[in-house]
file coords.cif (mmCIF, C-alpha atoms)
data_protein
loop_
_atom_site.label_atom_id
_atom_site.label_comp_id
_atom_site.auth_asym_id
_atom_site.auth_seq_id
_atom_site.Cartn_x
_atom_site.Cartn_y
_atom_site.Cartn_z
CA MET A 23 -24.86 -1.73 -25.09
CA ALA A 24 -25.05 -4.22 -22.27
CA VAL A 25 -24.58 -2.72 -18.84
CA SER A 26 -23.13 -4.85 -16.11
CA LYS A 27 -25.65 -5.58 -13.38
CA GLU A 28 -22.83 -5.75 -10.89
CA THR A 29 -22.85 -2.34 -9.22
CA GLN A 30 -21.86 -3.22 -5.68
CA VAL A 31 -19.37 -5.46 -3.92
CA HIS A 32 -19.21 -6.34 -0.24
CA VAL A 33 -15.93 -7.50 1.25
CA ARG A 34 -15.77 -8.86 4.77
CA ILE A 35 -12.61 -7.59 6.48
CA GLN A 36 -11.00 -9.82 9.09
CA ASN A 37 -7.33 -10.11 8.21
CA SER A 38 -4.63 -8.65 6.01
CA ALA A 39 -5.50 -10.89 3.05
CA ASP A 40 -8.98 -9.30 3.05
CA ILE A 41 -7.34 -5.89 2.61
CA VAL A 42 -5.84 -7.14 -0.67
CA ALA A 43 -9.21 -8.63 -1.70
CA ALA A 44 -11.03 -5.35 -0.97
CA ARG A 45 -8.70 -3.22 -3.05
CA GLN A 46 -8.65 -5.71 -5.94
CA GLN A 47 -12.44 -6.06 -6.04
CA GLY A 48 -12.84 -2.28 -5.62
CA ARG A 49 -10.48 -1.60 -8.51
CA ALA A 50 -12.30 -4.10 -10.72
CA LEU A 51 -15.70 -2.53 -9.97
CA ALA A 52 -14.44 1.06 -10.33
CA SER A 53 -12.98 0.21 -13.75
CA ILE A 54 -16.57 -0.27 -14.99
CA ALA A 55 -17.30 3.42 -14.17
CA GLY A 56 -14.57 4.48 -16.60
CA PHE A 57 -11.85 5.77 -14.28
CA SER A 58 -8.36 6.30 -15.68
CA HIS A 59 -5.66 3.81 -14.75
CA SER A 60 -4.06 6.27 -12.34
CA ASN A 61 -7.39 6.99 -10.63
CA LEU A 62 -8.00 3.24 -10.27
CA THR A 63 -4.65 2.99 -8.49
CA ILE A 64 -5.61 5.93 -6.26
CA ILE A 65 -8.98 4.33 -5.41
CA ALA A 66 -7.34 0.97 -4.66
CA THR A 67 -4.80 2.69 -2.40
CA ALA A 68 -7.53 4.55 -0.48
CA ILE A 69 -9.48 1.29 -0.02
CA SER A 70 -6.32 -0.33 1.32
CA GLU A 71 -5.91 2.38 3.95
CA VAL A 72 -9.49 2.29 5.26
CA ALA A 73 -9.57 -1.52 5.22
CA ARG A 74 -6.32 -1.67 7.19
CA ASN A 75 -7.81 0.69 9.73
CA ILE A 76 -10.54 -1.90 10.34
CA VAL A 77 -8.07 -4.78 10.79
CA GLU A 78 -5.85 -2.74 13.07
CA TYR A 79 -8.40 -1.13 15.37
CA ALA A 80 -11.67 -3.02 15.10
CA LYS A 81 -10.42 -6.51 14.12
CA GLU A 82 -13.35 -6.98 11.76
CA GLY A 83 -15.78 -5.05 9.64
CA GLU A 84 -16.89 -4.59 6.07
CA VAL A 85 -15.98 -2.58 3.00
CA VAL A 86 -18.81 -1.92 0.53
CA ILE A 87 -17.96 -0.46 -2.86
CA THR A 88 -20.80 0.90 -4.99
CA LEU A 89 -20.98 2.47 -8.44
CA ILE A 90 -22.89 5.73 -8.13
CA ASP A 91 -24.51 8.28 -10.45
CA ASP A 92 -25.19 11.92 -9.63
CA ALA A 93 -26.81 14.01 -12.37
CA ASN A 94 -24.41 13.36 -15.23
CA LYS A 95 -21.46 12.28 -13.09
CA LYS A 96 -20.36 8.71 -12.57
CA GLY A 97 -18.34 7.66 -9.61
CA VAL A 98 -17.61 5.19 -6.89
CA GLU A 99 -18.52 5.21 -3.23
CA ILE A 100 -16.59 3.27 -0.61
CA VAL A 101 -18.08 2.66 2.82
CA ALA A 102 -15.85 1.06 5.45
CA SER A 103 -17.71 0.18 8.62
CA ASP A 104 -16.95 -1.65 11.82
CA GLN A 105 -18.41 -2.24 15.26
CA GLY A 106 -15.06 -1.70 16.91
CA PRO A 107 -14.07 0.50 19.84
CA GLY A 108 -14.75 3.73 17.97
CA ILE A 109 -12.69 6.90 17.98
CA PRO A 110 -13.07 9.35 20.90
CA ASP A 111 -11.92 12.40 18.93
CA VAL A 112 -12.19 12.10 15.15
CA SER A 113 -10.30 15.35 14.50
CA THR A 114 -7.21 13.82 16.16
CA VAL A 115 -7.06 10.79 13.87
CA MET A 116 -7.51 12.99 10.83
CA ARG A 117 -4.28 14.76 11.65
CA ASP A 118 -1.21 13.55 9.76
CA GLY A 119 1.20 11.56 11.85
CA PHE A 120 -1.22 10.67 14.66
CA SER A 121 -1.30 6.94 15.35
CA THR A 122 -2.02 4.67 18.27
CA GLY A 123 -1.37 1.59 16.16
CA LYS A 124 1.43 0.15 14.08
CA GLY A 125 0.89 2.55 11.20
CA LEU A 126 2.40 5.81 10.10
CA GLY A 127 -0.68 7.73 11.16
CA ILE A 128 -1.17 8.55 7.53
CA GLY A 129 -4.00 6.17 6.65
CA LEU A 130 -7.18 8.21 7.15
CA PRO A 131 -5.85 11.70 6.33
CA GLY A 132 -4.05 10.15 3.34
CA ALA A 133 -7.24 8.44 2.12
CA ARG A 134 -9.02 11.80 2.38
CA ARG A 135 -6.37 13.38 0.14
CA LEU A 136 -6.80 10.62 -2.44
CA MET A 137 -10.58 10.89 -2.73
CA ASP A 138 -12.96 13.71 -3.76
CA GLU A 139 -15.30 13.36 -0.78
CA PHE A 140 -14.56 11.95 2.65
CA ALA A 141 -16.65 11.67 5.82
CA ILE A 142 -16.08 9.84 9.06
CA THR A 143 -18.51 9.19 11.89
CA SER A 144 -17.53 7.35 14.99
CA ALA A 145 -18.91 6.67 18.45
CA VAL A 146 -17.01 5.11 21.32
CA GLY A 147 -18.24 1.57 21.93
CA THR A 148 -20.34 1.56 18.75
CA GLY A 149 -17.92 1.70 15.85
CA THR A 150 -16.72 3.76 12.95
CA ILE A 151 -18.04 4.44 9.45
CA VAL A 152 -15.85 6.00 6.78
CA THR A 153 -17.62 7.07 3.58
CA MET A 154 -15.63 8.30 0.62
CA LYS A 155 -16.37 9.05 -3.03
CA LYS A 156 -14.48 9.68 -6.19
CA TRP A 157 -15.96 11.00 -9.42
CA VAL A 158 -14.91 10.29 -12.98
CA VAL A 159 -13.75 13.60 -14.45
CA MET B 25 2.62 -15.94 -0.92
CA ALA B 26 6.38 -16.02 -0.35
CA VAL B 27 8.52 -13.77 -2.53
CA PRO B 28 11.28 -15.63 -4.44
CA ILE B 29 14.74 -14.34 -3.55
CA LEU B 30 17.63 -15.01 -5.93
CA LYS B 31 21.33 -14.49 -5.45
CA GLN B 32 23.35 -12.79 -8.14
CA ARG B 33 27.04 -12.19 -7.35
CA HIS B 34 26.98 -10.35 -3.98
CA HIS B 35 23.42 -9.20 -4.38
CA LEU B 36 20.05 -10.62 -3.37
CA ILE B 37 17.16 -9.96 -5.72
CA ALA B 38 13.62 -10.20 -4.32
CA SER B 39 11.28 -10.35 -7.25
CA ILE B 40 7.70 -9.70 -6.17
CA GLN B 41 5.32 -11.64 -8.43
CA SER B 42 1.86 -10.65 -7.23
CA ALA B 43 -0.08 -8.57 -4.69
CA LEU B 44 1.27 -9.02 -1.18
CA SER B 45 -0.65 -9.02 2.08
CA ASP B 46 0.81 -7.37 5.17
CA GLN B 47 1.88 -10.83 6.39
CA ASP B 48 3.70 -11.49 3.09
CA LEU B 49 5.54 -8.18 3.41
CA LEU B 50 6.66 -8.98 6.94
CA GLY B 51 7.79 -12.40 5.71
CA LEU B 52 9.89 -10.73 3.01
CA ARG B 53 11.43 -8.41 5.62
CA ASP B 54 12.41 -11.33 7.87
CA ASP B 55 13.69 -13.46 4.96
CA LEU B 56 15.91 -10.66 3.66
CA ALA B 57 17.34 -9.80 7.09
CA ARG B 58 18.31 -13.46 7.50
CA LEU B 59 19.54 -14.11 3.94
CA VAL B 60 21.83 -11.06 3.91
CA GLY B 61 23.86 -12.81 6.60
CA GLN B 62 23.56 -16.29 5.15
CA HIS B 63 24.80 -15.21 1.70
CA ARG B 64 27.08 -12.42 2.95
CA ALA B 65 25.24 -10.13 0.53
CA LEU B 66 26.38 -6.54 0.00
CA GLY B 67 23.33 -5.41 -1.92
CA VAL B 68 19.60 -6.13 -2.02
CA ILE B 69 17.19 -5.30 -4.83
CA ILE B 70 13.45 -5.40 -4.27
CA ASP B 71 11.59 -5.41 -7.56
CA VAL B 72 8.06 -4.04 -7.04
CA THR B 73 7.13 -3.83 -10.75
CA ALA B 74 4.24 -6.26 -10.20
CA LEU B 75 2.69 -4.26 -7.36
CA ASP B 76 -0.32 -2.14 -8.34
CA VAL B 77 -0.58 -0.54 -4.89
CA LEU B 78 2.04 0.66 -2.42
CA ASP B 79 0.08 1.84 0.59
CA SER B 80 1.32 3.16 3.93
CA PHE B 81 2.04 -0.28 5.36
CA ALA B 82 3.98 -1.47 2.30
CA THR B 83 6.00 1.73 2.19
CA ARG B 84 6.82 1.54 5.88
CA THR B 85 7.87 -2.11 5.52
CA LEU B 86 10.12 -1.36 2.52
CA ARG B 87 11.74 1.40 4.56
CA ALA B 88 12.23 -0.98 7.49
CA ILE B 89 13.83 -3.56 5.17
CA ALA B 90 16.25 -0.96 3.81
CA TYR B 91 17.30 0.09 7.32
CA MET B 92 17.53 -3.48 8.64
CA THR B 93 19.69 -4.69 5.75
CA LYS B 94 21.90 -1.63 6.14
CA LEU B 95 22.49 -2.58 9.77
CA ARG B 96 23.50 -6.00 8.43
CA GLY B 97 25.94 -4.41 5.99
CA ALA B 98 23.96 -4.39 2.73
CA GLU B 99 22.45 -1.55 0.66
CA THR B 100 18.89 -1.94 -0.55
CA VAL B 101 17.48 -0.50 -3.78
CA ILE B 102 13.75 -0.49 -4.56
CA VAL B 103 13.16 -0.83 -8.29
CA GLY B 104 10.14 -0.78 -10.58
CA ILE B 105 7.70 1.58 -8.83
CA GLN B 106 5.05 2.10 -11.53
CA PRO B 107 4.06 5.67 -12.55
CA ASP B 108 0.47 5.35 -11.25
CA VAL B 109 1.76 3.91 -7.99
CA ALA B 110 4.24 6.78 -7.64
CA LEU B 111 1.39 9.27 -8.18
CA ALA B 112 -0.82 7.63 -5.54
CA MET B 113 2.09 7.50 -3.06
CA VAL B 114 2.77 11.21 -3.47
CA GLN B 115 -0.91 12.10 -3.05
CA LEU B 116 -1.19 9.87 -0.01
CA GLY B 117 1.81 11.67 1.48
CA LEU B 118 4.18 8.69 1.53
CA THR B 119 7.91 8.93 1.20
CA LEU B 120 10.71 6.40 1.08
CA GLU B 121 12.96 9.05 2.63
CA ASP B 122 16.58 8.20 1.92
CA VAL B 123 15.94 4.68 0.60
CA LEU B 124 17.64 4.15 -2.78
CA THR B 125 15.38 3.68 -5.80
CA ALA B 126 16.02 2.93 -9.46
CA LEU B 127 13.86 2.66 -12.54
CA ASP B 128 14.27 -1.06 -13.10
CA LEU B 129 16.37 -4.11 -12.23
CA GLU B 130 19.17 -3.19 -14.62
CA GLU B 131 19.50 0.34 -13.24
CA GLY B 132 19.27 -1.02 -9.71
CA LEU B 133 22.18 -3.42 -10.25
CA ALA B 134 24.21 -0.63 -11.84
CA LEU B 135 23.51 1.61 -8.84
CA LEU B 136 24.58 -1.09 -6.36
CA ASP B 137 27.79 -1.77 -8.29
CA GLN B 138 28.55 1.93 -8.36
CA ARG B 139 27.98 2.26 -4.59
CA LEU B 140 30.21 -0.76 -3.93
CA ALA B 141 32.95 0.59 -6.18
CA GLU B 142 32.80 3.94 -4.34
CA SER B 143 33.03 2.37 -0.90
CA HIS B 144 35.95 0.11 -1.88
CA GLY B 145 37.64 2.54 -4.27
CA SER B 146 39.35 5.04 -1.96
#

call {"tool": "encode", "arguments": {"input": "coords.cif", "output": "structure tokens"}}
result
Amino acid sequence: MAVSKETQVHVRIQNSADIVAARQQGRALASIAGFSHSNLTIIATAISEVARNIVEYAKEGEVVITLIDDANKKGVEIVASDQGPGIPDVSTVMRDGFSTGKGLGIGLPGARRLMDEFAITSAVGTGTIVTMKKWVV
Amino acid sequence: MAVPILKQRHHLIASIQSALSDQDLLGLRDDLARLVGQHRALGVIIDVTALDVLDSFATRTLRAIAYMTKLRGAETVIVGIQPDVALAMVQLGLTLEDVLTALDLEEGLALLDQRLAESHGS
């Protein structure tokens, strides 16, 4: 059986149209891993939230979606990174309802609920990296 | 991409055809707030059947549209939220609060007619 060589997509994030591009390309790539339709929707929604975070707070950045393998599990990893202002206290932004922007303050904690694994590292003046994974069950 | 908005009797029907960016959603909000006055509409239906994602921004904008049109004298009903989209919204923690929803366009029109009959009946 032929296996697609396409295992990673990079999407430059600069405006709200790029958010749509990131979630559409992410969904298309994740479908190769064999996710159910509802999990593809969940992955696309999580990508939308982290990509919007970039547009809103950092102005620009990148979302990289990669098909991953761990032992006998298949999955998808999403890394959203920017060189924006960074977050002084990460635990604050992970609380539901906290927002300094236009949002509901639900983006990052919501994305964490949608995915199986979620990590965020941020440094003021350096930027923010969100890494999240979902496994095919 | 602008969302086509049709008029049917006293209702406006916004039929979303493809994925919308944040800018498109804000455009829809502004168009509907204006058209409710222009057409003296009493009801608005937003058909989201074609949307494969309703994230926090889209949900917040739909809520804003419902409240804005209400202030302009029209009820809004969101129709066509797909089952996978509903699941993702619940997991994300999103709610449309007291915004009216219906399964599809037909049910949405029936709901608006029923609301109008109630408010003019007594």

call {"tool": "interface_residues", "arguments": {"input": "coords.cif", "of": "chain A", "to": "chain B", "cutoff": "12 Å", "atoms": "only C-alpha atoms", "output": "MDAnalysis selection string"}}
result
chainID A and resid 37:46 49 58:75 77:78 118:119 123:137

call {"tool": "write_last_selection", "arguments": {"input": "coords.cif", "atoms": "C-alpha atoms", "output": "JSON list (two decimals), in the coordinates of the input"}}
result
[["chain", "number", "residue", "atom", "x", "y", "z"],
["A", 37, "ASN", "CA", -7.33, -10.11, 8.21],
["A", 38, "SER", "CA", -4.63, -8.65, 6.01],
["A", 39, "ALA", "CA", -5.50, -10.89, 3.05],
["A", 40, "ASP", "CA", -8.98, -9.30, 3.05],
["A", 41, "ILE", "CA", -7.34, -5.89, 2.61],
["A", 42, "VAL", "CA", -5.84, -7.14, -0.67],
["A", 43, "ALA", "CA", -9.21, -8.63, -1.70],
["A", 44, "ALA", "CA", -11.03, -5.35, -0.97],
["A", 45, "ARG", "CA", -8.70, -3.22, -3.05],
["A", 46, "GLN", "CA", -8.65, -5.71, -5.94],
["A", 49, "ARG", "CA", -10.48, -1.60, -8.51],
["A", 58, "SER", "CA", -8.36, 6.30, -15.68],
["A", 59, "HIS", "CA", -5.66, 3.81, -14.75],
["A", 60, "SER", "CA", -4.06, 6.27, -12.34],
["A", 61, "ASN", "CA", -7.39, 6.99, -10.63],
["A", 62, "LEU", "CA", -8.00, 3.24, -10.27],
["A", 63, "THR", "CA", -4.65, 2.99, -8.49],
["A", 64, "ILE", "CA", -5.61, 5.93, -6.26],
["A", 65, "ILE", "CA", -8.98, 4.33, -5.41],
["A", 66, "ALA", "CA", -7.34, 0.97, -4.66],
["A", 67, "THR", "CA", -4.80, 2.69, -2.40],
["A", 68, "ALA", "CA", -7.53, 4.55, -0.48],
["A", 69, "ILE", "CA", -9.48, 1.29, -0.02],
["A", 70, "SER", "CA", -6.32, -0.33, 1.32],
["A", 71, "GLU", "CA", -5.91, 2.38, 3.95],
["A", 72, "VAL", "CA", -9.49, 2.29, 5.26],
["A", 73, "ALA", "CA", -9.57, -1.52, 5.22],
["A", 74, "ARG", "CA", -6.32, -1.67, 7.19],
["A", 75, "ASN", "CA", -7.81, 0.69, 9.73],
["A", 77, "VAL", "CA", -8.07, -4.78, 10.79],
["A", 78, "GLU", "CA", -5.85, -2.74, 13.07],
["A", 118, "ASP", "CA", -1.21, 13.55, 9.76],
["A", 119, "GLY", "CA", 1.20, 11.56, 11.85],
["A", 123, "GLY", "CA", -1.37, 1.59, 16.16],
["A", 124, "LYS", "CA", 1.43, 0.15, 14.08],
["A", 125, "GLY", "CA", 0.89, 2.55, 11.20],
["A", 126, "LEU", "CA", 2.40, 5.81, 10.10],
["A", 127, "GLY", "CA", -0.68, 7.73, 11.16],
["A", 128, "ILE", "CA", -1.17, 8.55, 7.53],
["A", 129, "GLY", "CA", -4.00, 6.17, 6.65],
["A", 130, "LEU", "CA", -7.18, 8.21, 7.15],
["A", 131, "PRO", "CA", -5.85, 11.70, 6.33],
["A", 132, "GLY", "CA", -4.05, 10.15, 3.34],
["A", 133, "ALA", "CA", -7.24, 8.44, 2.12],
["A", 134, "ARG", "CA", -9.02, 11.80, 2.38],
["A", 135, "ARG", "CA", -6.37, 13.38, 0.14],
["A", 136, "LEU", "CA", -6.80, 10.62, -2.44],
["A", 137, "MET", "CA", -10.58, 10.89, -2.73]]

call {"tool": "resolve_selection", "arguments": {"input": "coords.cif", "expression": "the PyMOL selection byres ((chain A and resi 99) around 12)", "output": "ChimeraX atom specification"}}
result
/A:29-32,48-49,51-52,55,65,68-69,85-92,96-98,100-102,137-141,152-158

call {"tool": "resolve_selection", "arguments": {"input": "coords.cif", "expression": "the PyMOL selection byres ((chain B and resi 124) around 6)", "output": "short mmCIF file (atom, residue, chain, number, x, y, z; two decimals) with C-alpha atoms, in the coordinates of the input"}}
result
data_model
loop_
_atom_site.label_atom_id
_atom_site.label_comp_id
_atom_site.auth_asym_id
_atom_site.auth_seq_id
_atom_site.Cartn_x
_atom_site.Cartn_y
_atom_site.Cartn_z
CA VAL B 101 17.48 -0.50 -3.78
CA VAL B 123 15.94 4.68 0.60
CA THR B 125 15.38 3.68 -5.80
#

call {"tool": "atom_distance", "arguments": {"input": "coords.cif", "atom1": "CA of Leu36 (chain B)", "atom2": "CA of Thr100 (chain B)"}}
result
9.2 Å

call {"tool": "closest_atom_pairs", "arguments": {"input": "coords.cif", "of": "region 30-113 of chain B", "to": "region 134-137 of chain B", "cutoff": "12 Å", "atoms": "all atoms listed in the file", "output": "tab-separated table"}}
result
residue	atom	partner	partner_atom	distance
B:Gln32	CA	B:Asp137	CA	11.9
B:Arg33	CA	B:Asp137	CA	10.5
B:His34	CA	B:Asp137	CA	9.6
B:His35	CA	B:Leu136	CA	8.4
B:Leu36	CA	B:Leu136	CA	11.0
B:Ile37	CA	B:Leu136	CA	11.6
B:Ala65	CA	B:Leu136	CA	11.4
B:Leu66	CA	B:Leu136	CA	8.6
B:Gly67	CA	B:Leu136	CA	6.3
B:Val68	CA	B:Leu136	CA	8.3
B:Ile69	CA	B:Leu136	CA	8.6
B:Ala98	CA	B:Leu136	CA	9.7
B:Glu99	CA	B:Leu136	CA	7.4
B:Thr100	CA	B:Leu136	CA	8.2
B:Val101	CA	B:Leu136	CA	7.6
B:Ile102	CA	B:Leu135	CA	10.9
B:Val103	CA	B:Leu135	CA	10.6

call {"tool": "closest_residue", "arguments": {"input": "coords.cif", "among": "B:Val27, B:Ile89, B:Val72, B:Ala38", "to": "Arg53 (chain B)", "atoms": "all atoms listed in the file"}}
result
B:Ile89

call {"tool": "closest_residue", "arguments": {"input": "coords.cif", "among": "A:Glu28, A:Lys95, A:Pro107, A:Val33", "to": "Gly56 (chain A)", "atoms": "only C-alpha atoms"}}
result
A:Lys95

call {"tool": "atom_distance", "arguments": {"input": "coords.cif", "atom1": "CA of Val115 (chain A)", "atom2": "CA of Ile142 (chain A)"}}
result
10.3 Å

call {"tool": "atom_distance", "arguments": {"input": "coords.cif", "atom1": "CA of Leu75 (chain B)", "atom2": "CA of Glu131 (chain B)"}}
result
18.4 Å

call {"tool": "resolve_selection", "arguments": {"input": "coords.cif", "expression": "the PyMOL selection byres ((chain B and resi 129) around 8)", "output": "MDAnalysis selection string"}}
result
chainID B and resid 69 71 103:104 126:128 130:133

call {"tool": "write_last_selection", "arguments": {"input": "coords.cif", "atoms": "C-alpha atoms", "output": "mmCIF file, keeping the file's coordinate frame"}}
result
data_model
loop_
_atom_site.group_PDB
_atom_site.id
_atom_site.type_symbol
_atom_site.label_atom_id
_atom_site.label_comp_id
_atom_site.auth_asym_id
_atom_site.auth_seq_id
_atom_site.Cartn_x
_atom_site.Cartn_y
_atom_site.Cartn_z
ATOM 1 C CA ILE B 69 17.190 -5.300 -4.830
ATOM 2 C CA ASP B 71 11.590 -5.410 -7.560
ATOM 3 C CA VAL B 103 13.160 -0.830 -8.290
ATOM 4 C CA GLY B 104 10.140 -0.780 -10.580
ATOM 5 C CA ALA B 126 16.020 2.930 -9.460
ATOM 6 C CA LEU B 127 13.860 2.660 -12.540
ATOM 7 C CA ASP B 128 14.270 -1.060 -13.100
ATOM 8 C CA GLU B 130 19.170 -3.190 -14.620
ATOM 9 C CA GLU B 131 19.500 0.340 -13.240
ATOM 10 C CA GLY B 132 19.270 -1.020 -9.710
ATOM 11 C CA LEU B 133 22.180 -3.420 -10.250
#

call {"tool": "build_atoms", "arguments": {"input": "coords.cif", "residues": "region 80-94 of chain A", "atoms": "N, CA and C atoms", "output": "short mmCIF file (atom, residue, chain, number, x, y, z; two decimals), in the frame of the given file"}}
result
data_model
loop_
_atom_site.label_atom_id
_atom_site.label_comp_id
_atom_site.auth_asym_id
_atom_site.auth_seq_id
_atom_site.Cartn_x
_atom_site.Cartn_y
_atom_site.Cartn_z
N ALA A 80 -10.37 -2.43 14.78
CA ALA A 80 -11.67 -3.02 15.10
C ALA A 80 -11.65 -4.54 14.96
N LYS A 81 -10.57 -5.06 14.39
CA LYS A 81 -10.42 -6.51 14.12
C LYS A 81 -11.28 -6.97 12.94
N GLU A 82 -12.55 -6.59 12.92
CA GLU A 82 -13.35 -6.98 11.76
C GLU A 82 -14.38 -5.93 11.40
N GLY A 83 -14.80 -6.01 10.15
CA GLY A 83 -15.78 -5.05 9.64
C GLY A 83 -16.06 -5.37 8.19
N GLU A 84 -16.48 -4.35 7.45
CA GLU A 84 -16.89 -4.59 6.07
C GLU A 84 -16.54 -3.38 5.21
N VAL A 85 -16.15 -3.65 3.98
CA VAL A 85 -15.98 -2.58 3.00
C VAL A 85 -16.99 -2.83 1.89
N VAL A 86 -17.81 -1.82 1.61
CA VAL A 86 -18.81 -1.92 0.53
C VAL A 86 -18.46 -0.89 -0.53
N ILE A 87 -18.30 -1.36 -1.75
CA ILE A 87 -17.96 -0.46 -2.86
C ILE A 87 -19.14 -0.45 -3.82
N THR A 88 -19.60 0.76 -4.17
CA THR A 88 -20.80 0.90 -4.99
C THR A 88 -20.55 1.88 -6.14
N LEU A 89 -21.02 1.52 -7.32
CA LEU A 89 -20.98 2.47 -8.44
C LEU A 89 -22.13 3.44 -8.25
N ILE A 90 -21.85 4.73 -8.39
CA ILE A 90 -22.89 5.73 -8.13
C ILE A 90 -23.03 6.68 -9.32
N ASP A 91 -24.19 7.32 -9.39
CA ASP A 91 -24.51 8.28 -10.45
C ASP A 91 -25.06 9.52 -9.77
N ASP A 92 -24.60 10.70 -10.18
CA ASP A 92 -25.19 11.92 -9.63
C ASP A 92 -25.31 12.89 -10.80
N ALA A 93 -26.55 13.20 -11.17
CA ALA A 93 -26.81 14.01 -12.37
C ALA A 93 -26.09 13.34 -13.53
N ASN A 94 -25.09 14.01 -14.11
CA ASN A 94 -24.41 13.36 -15.23
C ASN A 94 -23.01 12.87 -14.85
#
